[in-house]
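J.: I'd like to ask you about the structure that follows.
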Amino acid sequence: MPDVDILVVGAGAAGIAAARAAQTAGLSCRVLEARNRPGGRAYTDSTTLGAPFDLGATWLHAAHRNPLRPLAEAMGMAPFDHGPVRVSACFDGGRRIGEAEMASYDAAWEGFHTRLAALTPLPGESAGALAARAGFGQGYWDATVAHWEGPVICAAPLAEMDARDYLDTLLEPPDLLLAEGAGALLVRLARDLPITYGAVVERVEWGGPLVVAEGAFGRLRARAIIVTVPTSVLASGAIRFDPALPPETEEAIHDLPLGLLTKIGLRAAGEDRLGLPPFSGIERRVEREDEAAMTAIAWPFGHDHLMGFIGGPAAWSLGAEGPEAVVAFALEELSRNFGARAAAAIRRRGALVSDWGRDPYSLGAYSHARPGRSAARGILARPLAGGRLCFAGEACHVTLAATLGGAWESGTLAVGHALLASAGG
């Protein structure tokens, strides 16, 4: 006899969604979470900076179709669109650019998307190659746009991601922020769910009529299991599957690696706000897409901290040096734009730095498809053994990849597949 109808591995957005959907369907379930908290790659620190700060997932992207938006609103949260109030402080060589230059920069952004959308990706083509074929790359602001679109937004260089998948997973506005934090939303949504924390799953048996999850917590049997572990962790072999996964599933896991986006929280030292209103964007022109740089959002919700972002190769290299190196680089970037004023206005001590790349339960931030592997997301999302084994998470969503909303929908969908196995048991 099974211990529960459905086992869920991981209490991130996909795992929480799966558990809630299972309960709604009248199924018993148990969530096994390696960490001591819910949320996965979404975590809100509400104490260090004196205000909520999301170290991981932050926005409710594509909010018009994001399933978490109505859930947040039902809990009394007010998702906020900061786009209309955002002021861009863009620098070029230490000088804040004017309106005419900003218009040129904006035109480069628009041109990037217009040119790429007009082309059909070739088989195996990378997003970087597609951009080059579209004639993008020689303009004054082109490298800066590519830096944003690759390392900052997608957490990896455009050359490392499939062009078809890149276009399919572009996100339309609005992108909404929660004053309480996206991680805090997931904590609320996980309340009263049957979650066992500190439960590291080491082995999954899925060849028989029942599935088994095994670890230091013991052995648990179920009619179906939904694995929501990040693809980079699965690719590391942290969980052994018996029998081995089908070759196409194993390939899909390896073809959906996680990039890295590091977030830095820096608090103001006094009353100086660098002349910027809340939600101002801080950025600078770069010469190359892979140039190490930091973008930032100033004083979100009127709080006295900056929210900085370093993505792609620079995030990996700085992360390997440790949080002090990340903070030092962030302050150098601010000084590059604001001069000596930045050193006086921003505290070095007490900063917050994310470290998803070295976290053994994430090994990165969010996924992208390798060139030529745009089908990998759909392959990974296919149920195995009649629904007894399902994978879910942001990497499994073909249009909302790399988002909380995509992870949530993926977890809910996986329960539909698992229901077939449960009914058959």
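All residue names refer to the structure tokens as shown: chains lettered A, B, ... in order, residues numbered from 1 in each chain, ligands numbered from 1 in order.
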Select from range 228-273 of chain A every residue with an atom at most 12 Å from any atom of range 278-300 of chain A, then for each give the shortest pair of atoms and their distance in Å to one decimal, using only C-alpha atoms, rows by chain and rising number, as a tab-separated table.
T.:
```
residue	atom	partner	partner_atom	distance
A:Leu261	CA	A:Met294	CA	10.6
A:Thr262	CA	A:Met294	CA	9.6
A:Lys263	CA	A:Ala296	CA	9.2
A:Ile264	CA	A:Ala296	CA	8.7
A:Gly265	CA	A:Ala296	CA	9.4
A:Leu266	CA	A:Ala298	CA	9.7
A:Arg267	CA	A:Trp299	CA	9.0
A:Ala268	CA	A:Trp299	CA	9.0
A:Glu271	CA	A:Trp299	CA	11.8
A:Asp272	CA	A:Trp299	CA	11.2
A:Arg273	CA	A:Trp299	CA	8.0
```
J.: Give the strand (DSSP E or B) residues of range 181-389 of chain A, as assigned by DSSP on the backbone, as a ChimeraX atom specification.
T.: /A:195-197,201-205,211-215,218-227,240-242,258,261-268,280-284,295-298,305-311,346,352-353,367,384,389
J.: Could the residues in this selection be written to a file with C-alpha atoms, as a PDB file, in the first residue's frame?
T.:
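Once written, again-v7.pdb looks like this:
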```
ATOM      1  CA  ILE A 195       5.866  19.529   3.813  1.00  0.00           C
ATOM      2  CA  THR A 196       8.793  17.696   5.387  1.00  0.00           C
ATOM      3  CA  TYR A 197      11.820  19.994   5.572  1.00  0.00           C
ATOM      4  CA  VAL A 201      15.765  12.795  -1.811  1.00  0.00           C
ATOM      5  CA  GLU A 202      18.677  10.663  -2.977  1.00  0.00           C
ATOM      6  CA  ARG A 203      16.951   7.952  -4.983  1.00  0.00           C
ATOM      7  CA  VAL A 204      13.686   7.478  -6.861  1.00  0.00           C
ATOM      8  CA  GLU A 205      12.387   4.050  -7.844  1.00  0.00           C
ATOM      9  CA  VAL A 211       7.080   4.800  -6.839  1.00  0.00           C
ATOM     10  CA  VAL A 212       9.521   5.126  -3.960  1.00  0.00           C
ATOM     11  CA  ALA A 213      11.477   8.156  -2.731  1.00  0.00           C
ATOM     12  CA  GLU A 214      14.469   7.361  -0.581  1.00  0.00           C
ATOM     13  CA  GLY A 215      16.816   9.420   1.576  1.00  0.00           C
ATOM     14  CA  GLY A 218      13.608   6.782   5.046  1.00  0.00           C
ATOM     15  CA  ARG A 219      11.477   5.346   2.248  1.00  0.00           C
ATOM     16  CA  LEU A 220       8.110   6.672   1.157  1.00  0.00           C
ATOM     17  CA  ARG A 221       5.827   5.004  -1.381  1.00  0.00           C
ATOM     18  CA  ALA A 222       3.223   6.629  -3.574  1.00  0.00           C
ATOM     19  CA  ARG A 223       1.150   6.057  -6.670  1.00  0.00           C
ATOM     20  CA  ALA A 224       2.995   8.889  -8.430  1.00  0.00           C
ATOM     21  CA  ILE A 225       5.885  11.269  -7.861  1.00  0.00           C
ATOM     22  CA  ILE A 226       6.398  14.809  -9.159  1.00  0.00           C
ATOM     23  CA  VAL A 227      10.035  15.956  -9.191  1.00  0.00           C
ATOM     24  CA  ARG A 240      19.511   8.509  -8.746  1.00  0.00           C
ATOM     25  CA  PHE A 241      16.636   7.148 -10.794  1.00  0.00           C
ATOM     26  CA  ASP A 242      15.945   3.401 -10.900  1.00  0.00           C
ATOM     27  CA  LEU A 258      20.660  27.162 -15.308  1.00  0.00           C
ATOM     28  CA  LEU A 261      21.817  36.200 -11.894  1.00  0.00           C
ATOM     29  CA  THR A 262      23.292  37.578  -8.684  1.00  0.00           C
ATOM     30  CA  LYS A 263      21.294  40.073  -6.660  1.00  0.00           C
ATOM     31  CA  ILE A 264      22.884  42.616  -4.343  1.00  0.00           C
ATOM     32  CA  GLY A 265      21.117  44.664  -1.693  1.00  0.00           C
ATOM     33  CA  LEU A 266      22.981  47.834  -0.705  1.00  0.00           C
ATOM     34  CA  ARG A 267      21.654  50.210   1.929  1.00  0.00           C
ATOM     35  CA  ALA A 268      21.976  53.990   1.950  1.00  0.00           C
ATOM     36  CA  SER A 280      14.779  54.546 -10.824  1.00  0.00           C
ATOM     37  CA  GLY A 281      16.853  52.269 -13.015  1.00  0.00           C
ATOM     38  CA  ILE A 282      20.647  52.593 -12.888  1.00  0.00           C
ATOM     39  CA  GLU A 283      22.592  51.281 -15.865  1.00  0.00           C
ATOM     40  CA  ARG A 284      25.522  52.118 -18.116  1.00  0.00           C
ATOM     41  CA  THR A 295      22.354  47.332 -13.231  1.00  0.00           C
ATOM     42  CA  ALA A 296      20.177  48.393 -10.314  1.00  0.00           C
ATOM     43  CA  ILE A 297      16.779  49.574  -9.164  1.00  0.00           C
ATOM     44  CA  ALA A 298      16.978  52.441  -6.694  1.00  0.00           C
ATOM     45  CA  HIS A 305      18.288  50.310  -0.422  1.00  0.00           C
ATOM     46  CA  LEU A 306      19.392  49.601  -3.967  1.00  0.00           C
ATOM     47  CA  MET A 307      18.610  46.311  -5.694  1.00  0.00           C
ATOM     48  CA  GLY A 308      21.547  45.408  -7.936  1.00  0.00           C
ATOM     49  CA  PHE A 309      21.845  42.733 -10.623  1.00  0.00           C
ATOM     50  CA  ILE A 310      24.917  41.050 -12.108  1.00  0.00           C
ATOM     51  CA  GLY A 311      24.241  38.327 -14.658  1.00  0.00           C
ATOM     52  CA  ILE A 346      26.103  53.734   0.093  1.00  0.00           C
ATOM     53  CA  LEU A 352      22.908  41.220   0.961  1.00  0.00           C
ATOM     54  CA  VAL A 353      24.265  38.995  -1.816  1.00  0.00           C
ATOM     55  CA  SER A 367      17.031  27.831 -17.202  1.00  0.00           C
ATOM     56  CA  LEU A 384       6.688   8.877 -17.712  1.00  0.00           C
ATOM     57  CA  LEU A 389       6.916   9.943 -12.715  1.00  0.00           C
TER      58      LEU A 389
END
```
J.: A:Ala131, A:Ala62, A:Val233, A:Ile379: which is nearest Asp175 in chain A, counting only C-alpha atoms?
T.: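 Using only C-alpha atoms, the shortest distance to Asp175 in chain A belongs to A:Ala62.
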J.: When you draw a straight line from CA of His368 in chain A to CA of Ala392 in chain A, how long is it in Å?
T.: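 According to the coordinates, CA of His368 in chain A and CA of Ala392 in chain A are separated by 15.1 Å.
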J.: Given the choices A:Ala51, A:Ala345, A:Leu260, A:Leu245, which gets closest to Leu380 in chain A if the distance is worked out from only C-alpha atoms?
T.: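 Using only C-alpha atoms, Leu380 in chain A sits closest to A:Leu245.
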J.: I'd like to know which of A:Leu116, A:Val145, A:Ala100, A:Ala325 is closest to Ala132 in chain A, using only C-alpha atoms.
T.: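 Under the stated criterion, the closest residue is A:Leu116.
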J.: One decimal, in Å: what's the spacing between CA of Leu49 in chain A and CA of Gly302 in chain A?
T.: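 Interatomic distance here is 12.8 Å.
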J.: Counting only C-alpha atoms, which of A:Trp148, A:Tyr361, A:Phe136, A:Trp141 gets nearest to Val200 in chain A?
T.: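 Closest residue, counting only C-alpha atoms: A:Tyr361.
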J.: Near Gly111 in chain A, counting only C-alpha atoms, which residues have an atom at most 12 Å away, once you skip same-chain residues fewer than 4 positions from it, shown as a PyMOL selection string?
T.: chain A and resi 104-107+115-118+131+134-137+139+141-142+145-146
J.: With only C-alpha atoms as the atoms that count, which of A:Ala179, A:Ala155, A:Cys396, A:Ala17 lies nearest to Gly357 in chain A?
T.: A:Ala155
J.: Might you pull out every residue within 12 Å of Ser232 in chain A, with only C-alpha atoms counted and same-chain residues fewer than 3 positions away left off, and present them as number ranges by chain?
T.: A: 228-229, 235-239, 250, 252-260, 356-368, 395
J.: May I have all residues of range 256-355 of chain A that DSSP, computed from the backbone, assigns to helix (DSSP H, G or I), given as a PyMOL selection string?
T.: chain A and resi 300-302+313-321+323-338+340-345
J.: Enter the distance from CA of Ala421 in chain A to CA of Ala381 in chain A, in Å, rounded to one decimal.
T.: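 Here the two named atoms are 15.7 Å from each other.
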